[in-house]
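Have a look at the structure below, then the notes.
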Amino acid sequence: MKDYIKYGLGILVVVAIFAFSLLFNRDAAFTGTDDAGKNAILGINPDYRVWFQPLWKPKPETESMLFALQAAIGAFVIGYFIGFDRGSKKNLKKERRKKQIIN
Amino acid sequence: MHIAEGFLPPFWAIFWWLTSLPFIIYGVWKTGKIFKKHPEYKLTLAVSGAFIFVLSSLKLPSVTGSSSHPTGTGLAAVLFGPGVTALLSFIVLIFQALLLAHGGITTLGADVFSMGIVGPFTAYLLFRALRALKASLNISVFIAAVISDWITYVVTSLQLALAYPAANGILGSFTIFLGVFAIAQIPLAVAEGILIVIFFDYLKKSRPKLAAKLLGKLK
């Protein structure tokens with residue numbers, strides 16, 4: 001099997017995992033486990049006083065923008081890496097061809 | 001796995017900071033050493049950090065009806081070891097704590113400990129053990145990445161249980177927190193494992209020498 005088919009199938013499985021999660025409970029709110037953790041703490045210890053507030057809290061829209069920014073930074077580096085590899089492979093081939101012509 | 005700002009009592013906030021700090025410092029030293037001795041690894045190191053950046057920014061739905069983050073630490077742990085991964089995770093988590101109010105400064109020590117230290121250490125040791133048992137590279141990476149993601153959330157549950165024992169003790173609240181974190185994480189961990197294997201397989205084929213060197217270097 002060609003590599004890109006294998007990789008494509010792998011990504012398909014990943015998509016299927018999350019599609020299944022969404023279809024399996026359509027009415028769920030999908031709140032973050034981080035928030036669920038907060039609620040569990042307050043469930044165990046209702047008297048707990050949060051003693052330190054975040055220095056800055058983004059609005060929900062800004063928050064999703066910043067999350068996207070974080071993903072974009074990472075994706076940029078991964079894309080650069082793959083592009084760099086392709087470029088150097090091409091160059092290598094070209095140089096080999098040149099050498100053959102000279103010889 | 002982010003424990004919200006202010007949600008660890010001061011004792012535990014300081015305790016986890018002090019536990020994590022030596023690993024982060026070791027990571028800085030180790031990364032500096034790699035950069036100096038092997039400048040050719042720089043790009044590969046950056047790309048394994050980028051993996052943590054991308055994966056930990058995704059909030060994904062789980063079968064439990066809640067959503068959670070993958071960690072992305074498996075690749076860096078297998079290639080560069082847990083020290084470097086601790087530093088990379090620290091950078092990602094500080095970005096999220098300061099800019100996104102995800103996690104916090106007081107809980108950063110605890111978050112680095114679960115995602116940047118226990119997860120990657122487990123991945124690294126599992127990978128070594130599986131390789132010693134002659135498991136294939138891809139299978140070893142897959143299992144290491146899945147467990148690294150999942151164990152991170154088990155550690156978060158334990159950290160919260162230690163700070164908030166229920167009426168029936170630490171074990172009681174551990175079960176409650178596991179119920180919140182650990183089950184929701186299973187499908188995410190598997191998905192993360194698949195993505196990391198795909199990239200690892202690509203890396204192995206596009207840079208065979210580098211991959212062989214990196215993996216052989218692990219002692």
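In the structure tokens, each chain is lettered A, B, ... as it comes, each chain's residues begin at 1, and ligands are numbered from 1 in order of appearance.
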
Could I get the residues of chain A with an atom no further than 6 Å from an atom of chain B, each paired with its nearest atom pair and that distance in Å to one decimal, using only C-alpha atoms, sorted by chain and residue number, as a Markdown table?
| residue | atom | partner | partner_atom | distance |
| --- | --- | --- | --- | --- |
| A:Tyr7 | CA | B:Ile198 | CA | 5.9 |
| A:Val14 | CA | B:Ala191 | CA | 5.1 |
| A:Ser21 | CA | B:Val63 | CA | 4.2 |
| A:Ala28 | CA | B:Gly65 | CA | 5.0 |
| A:Phe30 | CA | B:Ser66 | CA | 3.8 |
| A:Thr31 | CA | B:Ser66 | CA | 5.0 |
| A:Gly32 | CA | B:Ser67 | CA | 4.7 |
| A:Thr33 | CA | B:Ser68 | CA | 5.6 |
| A:Asp34 | CA | B:His2 | CA | 5.9 |
| A:Ile44 | CA | B:Ala166 | CA | 5.8 |
| A:Val50 | CA | B:Gly6 | CA | 5.0 |
| A:Trp51 | CA | B:Gly6 | CA | 5.3 |
| A:Phe52 | CA | B:Gly6 | CA | 4.4 |
| A:Pro54 | CA | B:Glu5 | CA | 5.9 |
| A:Lys57 | CA | B:Ala101 | CA | 5.4 |
| A:Glu63 | CA | B:Leu100 | CA | 5.9 |
| A:Phe67 | CA | B:Ser57 | CA | 5.6 |
| A:Ala71 | CA | B:Val54 | CA | 4.2 |
| A:Gly74 | CA | B:Ala50 | CA | 4.1 |
| A:Ile78 | CA | B:Val47 | CA | 5.6 |

Output file for the selection above: N, CA, C and O atoms, as a compact mmCIF listing (two decimals), in the first residue's frame:
# COMPACT_ATOMS: atom_id res chain seq x y z
N TYR A 7 -1.66 6.91 5.21
CA TYR A 7 -1.83 8.10 6.04
C TYR A 7 -3.27 8.61 5.96
O TYR A 7 -3.88 8.99 6.95
N VAL A 14 -9.28 8.78 12.52
CA VAL A 14 -9.32 9.86 13.52
C VAL A 14 -10.62 10.65 13.39
O VAL A 14 -11.32 10.90 14.37
N SER A 21 -18.31 10.24 18.25
CA SER A 21 -18.58 10.90 19.53
C SER A 21 -19.72 11.90 19.40
O SER A 21 -20.58 12.00 20.27
N ALA A 28 -25.67 16.25 23.92
CA ALA A 28 -24.70 16.62 24.94
C ALA A 28 -24.17 18.03 24.68
O ALA A 28 -24.18 18.53 23.56
N PHE A 30 -21.06 19.00 25.43
CA PHE A 30 -19.62 18.93 25.16
C PHE A 30 -18.85 20.04 25.87
O PHE A 30 -18.02 20.72 25.27
N THR A 31 -19.19 20.23 27.15
CA THR A 31 -18.40 21.18 27.94
C THR A 31 -17.02 20.59 28.15
O THR A 31 -16.85 19.37 28.17
N GLY A 32 -16.04 21.46 28.31
CA GLY A 32 -14.66 21.00 28.51
C GLY A 32 -14.52 20.24 29.82
O GLY A 32 -15.20 20.55 30.80
N THR A 33 -13.64 19.23 29.82
CA THR A 33 -13.40 18.51 31.07
C THR A 33 -12.76 19.42 32.11
O THR A 33 -12.90 19.20 33.30
N ASP A 34 -12.05 20.47 31.63
CA ASP A 34 -11.44 21.40 32.59
C ASP A 34 -12.52 22.04 33.46
O ASP A 34 -12.37 22.16 34.68
N ILE A 44 -17.14 18.54 45.80
CA ILE A 44 -16.52 17.90 46.96
C ILE A 44 -16.35 18.90 48.09
O ILE A 44 -16.58 18.61 49.26
N VAL A 50 -11.64 30.38 45.61
CA VAL A 50 -10.57 30.53 44.63
C VAL A 50 -9.71 31.71 45.08
O VAL A 50 -10.22 32.81 45.28
N TRP A 51 -8.42 31.46 45.28
CA TRP A 51 -7.59 32.49 45.92
C TRP A 51 -6.75 33.28 44.92
O TRP A 51 -6.02 34.19 45.29
N PHE A 52 -6.86 32.95 43.65
CA PHE A 52 -6.07 33.67 42.66
C PHE A 52 -6.85 33.72 41.36
O PHE A 52 -7.33 32.70 40.89
N PRO A 54 -7.25 34.69 37.20
CA PRO A 54 -6.38 34.87 36.03
C PRO A 54 -6.05 36.35 35.84
O PRO A 54 -6.90 37.22 36.08
N LYS A 57 -8.38 37.60 31.13
CA LYS A 57 -9.29 36.58 30.60
C LYS A 57 -9.84 37.05 29.28
O LYS A 57 -10.50 38.09 29.22
N GLU A 63 -10.86 34.23 22.63
CA GLU A 63 -10.29 32.96 23.06
C GLU A 63 -10.18 31.99 21.89
O GLU A 63 -9.13 31.37 21.69
N PHE A 67 -6.81 30.36 20.33
CA PHE A 67 -6.61 28.91 20.17
C PHE A 67 -6.24 28.59 18.73
O PHE A 67 -5.34 27.79 18.46
N ALA A 71 -2.80 26.89 17.17
CA ALA A 71 -2.76 25.79 16.19
C ALA A 71 -2.02 26.23 14.94
O ALA A 71 -1.24 25.47 14.35
N GLY A 74 1.78 26.15 15.27
CA GLY A 74 2.25 24.77 15.18
C GLY A 74 2.17 24.24 13.75
O GLY A 74 3.13 23.65 13.24
N ILE A 78 5.10 22.75 11.14
CA ILE A 78 5.02 21.43 10.53
C ILE A 78 5.05 21.55 9.00
O ILE A 78 5.76 20.81 8.31

All helix (DSSP H, G or I) residues (DSSP, backbone) inside stretch 11-137 of chain B, as a PyMOL selection string: chain B and resi 11-37+39-57+74-80+82-99+108-132+137

Spatial neighbours of B:Ser114, max dist 8 Å, only C-alpha atoms, sep filter under 3 positions, as a list in words: Met1, Ala110, Asp111, Ile117, Val118, Gly119, Ile151, Thr152, Tyr153, Val155 and Thr156 of chain B

Next, the residues of the selection above should be written as a JSON list (two decimals), in the first residue's frame with N, CA and C atoms.
[["chain", "number", "residue", "atom", "x", "y", "z"],
["B", 1, "MET", "N", -6.82, 18.62, 31.15],
["B", 1, "MET", "CA", -5.82, 18.47, 32.21],
["B", 1, "MET", "C", -5.44, 19.80, 32.83],
["B", 110, "ALA", "N", 1.63, 22.13, 38.55],
["B", 110, "ALA", "CA", 0.89, 20.86, 38.52],
["B", 110, "ALA", "C", 0.62, 20.43, 37.08],
["B", 111, "ASP", "N", 0.26, 21.39, 36.21],
["B", 111, "ASP", "CA", -0.03, 21.06, 34.82],
["B", 111, "ASP", "C", 1.22, 20.59, 34.07],
["B", 117, "ILE", "N", 5.81, 16.03, 32.31],
["B", 117, "ILE", "CA", 6.78, 15.17, 32.99],
["B", 117, "ILE", "C", 6.31, 13.72, 33.07],
["B", 118, "VAL", "N", 5.20, 13.45, 33.74],
["B", 118, "VAL", "CA", 4.78, 12.06, 33.90],
["B", 118, "VAL", "C", 4.40, 11.45, 32.54],
["B", 119, "GLY", "N", 3.64, 12.19, 31.74],
["B", 119, "GLY", "CA", 3.24, 11.69, 30.41],
["B", 119, "GLY", "C", 4.46, 11.32, 29.58],
["B", 151, "ILE", "N", -2.28, 8.97, 30.54],
["B", 151, "ILE", "CA", -1.75, 9.01, 31.91],
["B", 151, "ILE", "C", -1.70, 10.46, 32.43],
["B", 152, "THR", "N", -1.55, 11.42, 31.49],
["B", 152, "THR", "CA", -1.56, 12.84, 31.87],
["B", 152, "THR", "C", -2.83, 13.17, 32.65],
["B", 153, "TYR", "N", -3.94, 12.66, 32.15],
["B", 153, "TYR", "CA", -5.23, 12.97, 32.80],
["B", 153, "TYR", "C", -5.44, 12.18, 34.07],
["B", 155, "VAL", "N", -2.96, 11.60, 36.10],
["B", 155, "VAL", "CA", -2.17, 12.37, 37.08],
["B", 155, "VAL", "C", -2.94, 13.61, 37.53],
["B", 156, "THR", "N", -3.59, 14.30, 36.58],
["B", 156, "THR", "CA", -4.42, 15.45, 36.97],
["B", 156, "THR", "C", -5.46, 15.02, 38.00]]

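In this comparison, which uses only C-alpha atoms, the residue of B:Ala86, B:Leu18, B:Ala144, B:Leu133 approaching B:Thr31 most closely is B:Ala86.
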
Do you know which residues are at most 12 Å from B:Ile143 counting only C-alpha atoms, after dropping those on the same chain fewer than 6 positions away, and could you put them as an mmCIF file with N, CA, C and O atoms, in the first residue's frame?
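The result, written out as around34.cif:
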data_model
loop_
_atom_site.group_PDB
_atom_site.id
_atom_site.type_symbol
_atom_site.label_atom_id
_atom_site.label_comp_id
_atom_site.auth_asym_id
_atom_site.auth_seq_id
_atom_site.Cartn_x
_atom_site.Cartn_y
_atom_site.Cartn_z
ATOM 1 N N GLY B 74 3.875 12.822 22.874
ATOM 2 C CA GLY B 74 4.504 11.533 22.596
ATOM 3 C C GLY B 74 5.687 11.602 21.632
ATOM 4 O O GLY B 74 6.714 10.963 21.852
ATOM 5 N N LEU B 75 5.545 12.402 20.570
ATOM 6 C CA LEU B 75 6.595 12.450 19.546
ATOM 7 C C LEU B 75 7.899 13.001 20.118
ATOM 8 O O LEU B 75 8.966 12.407 19.942
ATOM 9 N N VAL B 78 9.576 10.509 22.567
ATOM 10 C CA VAL B 78 10.243 9.374 21.950
ATOM 11 C C VAL B 78 11.543 9.817 21.258
ATOM 12 O O VAL B 78 12.568 9.152 21.341
ATOM 13 N N THR B 122 6.572 8.392 30.923
ATOM 14 C CA THR B 122 5.915 7.114 30.664
ATOM 15 C C THR B 122 6.093 6.722 29.200
ATOM 16 O O THR B 122 6.398 5.564 28.889
ATOM 17 N N ALA B 123 5.907 7.691 28.297
ATOM 18 C CA ALA B 123 6.056 7.403 26.876
ATOM 19 C C ALA B 123 7.455 6.896 26.576
ATOM 20 O O ALA B 123 7.643 5.897 25.878
ATOM 21 N N TYR B 124 8.438 7.578 27.115
ATOM 22 C CA TYR B 124 9.835 7.250 26.866
ATOM 23 C C TYR B 124 10.166 5.837 27.368
ATOM 24 O O TYR B 124 10.750 5.021 26.655
ATOM 25 N N LEU B 125 9.748 5.549 28.605
ATOM 26 C CA LEU B 125 10.061 4.243 29.188
ATOM 27 C C LEU B 125 9.325 3.118 28.463
ATOM 28 O O LEU B 125 9.898 2.070 28.172
ATOM 29 N N LEU B 126 8.046 3.384 28.155
ATOM 30 C CA LEU B 126 7.264 2.376 27.429
ATOM 31 C C LEU B 126 7.883 2.090 26.068
ATOM 32 O O LEU B 126 7.993 0.935 25.645
ATOM 33 N N PHE B 127 8.280 3.159 25.380
ATOM 34 C CA PHE B 127 8.883 3.012 24.058
ATOM 35 C C PHE B 127 10.134 2.149 24.141
ATOM 36 O O PHE B 127 10.318 1.219 23.364
ATOM 37 N N ARG B 128 10.981 2.452 25.135
ATOM 38 C CA ARG B 128 12.209 1.674 25.310
ATOM 39 C C ARG B 128 11.896 0.207 25.602
ATOM 40 O O ARG B 128 12.516 -0.693 25.041
ATOM 41 N N ALA B 129 10.917 -0.006 26.485
ATOM 42 C CA ALA B 129 10.566 -1.374 26.871
ATOM 43 C C ALA B 129 10.012 -2.143 25.673
ATOM 44 O O ALA B 129 10.402 -3.289 25.413
ATOM 45 N N LEU B 130 9.127 -1.492 24.901
ATOM 46 C CA LEU B 130 8.522 -2.166 23.750
ATOM 47 C C LEU B 130 9.574 -2.493 22.698
ATOM 48 O O LEU B 130 9.542 -3.548 22.068
ATOM 49 N N ARG B 131 10.526 -1.581 22.513
ATOM 50 C CA ARG B 131 11.593 -1.830 21.549
ATOM 51 C C ARG B 131 12.455 -3.003 22.005
ATOM 52 O O ARG B 131 12.886 -3.818 21.191
ATOM 53 N N ALA B 135 9.021 -5.064 19.622
ATOM 54 C CA ALA B 135 7.820 -4.547 18.958
ATOM 55 C C ALA B 135 8.276 -3.635 17.827
ATOM 56 O O ALA B 135 9.361 -3.053 17.903
ATOM 57 N N SER B 136 7.461 -3.494 16.780
ATOM 58 C CA SER B 136 7.873 -2.664 15.652
ATOM 59 C C SER B 136 7.908 -1.193 16.087
ATOM 60 O O SER B 136 7.275 -0.807 17.069
ATOM 61 N N LEU B 137 8.675 -0.392 15.335
ATOM 62 C CA LEU B 137 8.802 1.032 15.670
ATOM 63 C C LEU B 137 7.443 1.706 15.752
ATOM 64 O O LEU B 137 7.146 2.401 16.720
ATOM 65 N N ASP B 149 -0.644 10.401 26.585
ATOM 66 C CA ASP B 149 -1.810 11.290 26.629
ATOM 67 C C ASP B 149 -2.711 10.915 27.795
ATOM 68 O O ASP B 149 -3.087 11.755 28.615
ATOM 69 N N TRP B 150 -3.025 9.634 27.884
ATOM 70 C CA TRP B 150 -4.025 9.199 28.854
ATOM 71 C C TRP B 150 -3.536 9.354 30.296
ATOM 72 O O TRP B 150 -4.258 9.831 31.169
ATOM 73 N N ILE B 151 -2.281 8.971 30.544
ATOM 74 C CA ILE B 151 -1.748 9.015 31.914
ATOM 75 C C ILE B 151 -1.697 10.461 32.429
ATOM 76 O O ILE B 151 -1.825 10.716 33.621
ATOM 77 N N ALA B 189 -6.986 9.926 23.180
ATOM 78 C CA ALA B 189 -5.639 9.368 23.265
ATOM 79 C C ALA B 189 -5.356 8.481 22.059
ATOM 80 O O ALA B 189 -4.271 8.530 21.473
ATOM 81 N N VAL B 190 -6.362 7.676 21.665
ATOM 82 C CA VAL B 190 -6.186 6.791 20.513
ATOM 83 C C VAL B 190 -5.982 7.624 19.242
ATOM 84 O O VAL B 190 -5.082 7.357 18.433
ATOM 85 N N ALA B 191 -6.802 8.680 19.085
ATOM 86 C CA ALA B 191 -6.679 9.537 17.904
ATOM 87 C C ALA B 191 -5.297 10.185 17.868
ATOM 88 O O ALA B 191 -4.640 10.250 16.824
ATOM 89 N N GLU B 192 -4.851 10.648 19.019
ATOM 90 C CA GLU B 192 -3.520 11.264 19.088
ATOM 91 C C GLU B 192 -2.440 10.262 18.697
ATOM 92 O O GLU B 192 -1.507 10.595 17.959
ATOM 93 N N GLY B 193 -2.583 9.019 19.173
ATOM 94 C CA GLY B 193 -1.618 7.984 18.835
ATOM 95 C C GLY B 193 -1.529 7.788 17.320
ATOM 96 O O GLY B 193 -0.438 7.695 16.761
ATOM 97 N N ILE B 194 -2.686 7.764 16.659
ATOM 98 C CA ILE B 194 -2.700 7.563 15.197
ATOM 99 C C ILE B 194 -1.975 8.716 14.500
ATOM 100 O O ILE B 194 -1.117 8.507 13.640
ATOM 101 N N ILE B 196 0.289 10.756 15.635
ATOM 102 C CA ILE B 196 1.726 10.766 15.907
ATOM 103 C C ILE B 196 2.434 9.673 15.115
ATOM 104 O O ILE B 196 3.517 9.890 14.584
ATOM 105 N N VAL B 197 1.800 8.508 14.995
ATOM 106 C CA VAL B 197 2.418 7.436 14.195
ATOM 107 C C VAL B 197 2.542 7.863 12.739
ATOM 108 O O VAL B 197 3.569 7.627 12.097
#

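Nearest to B:Pro70 of all the residues B:Ser148, B:Pro22, B:Pro208, B:Lys37 is B:Ser148, based on only C-alpha atoms.
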
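Taking atom CA of B:Ile34 as the reference point, atom CA of B:Lys209 is found at 16.6 Å.
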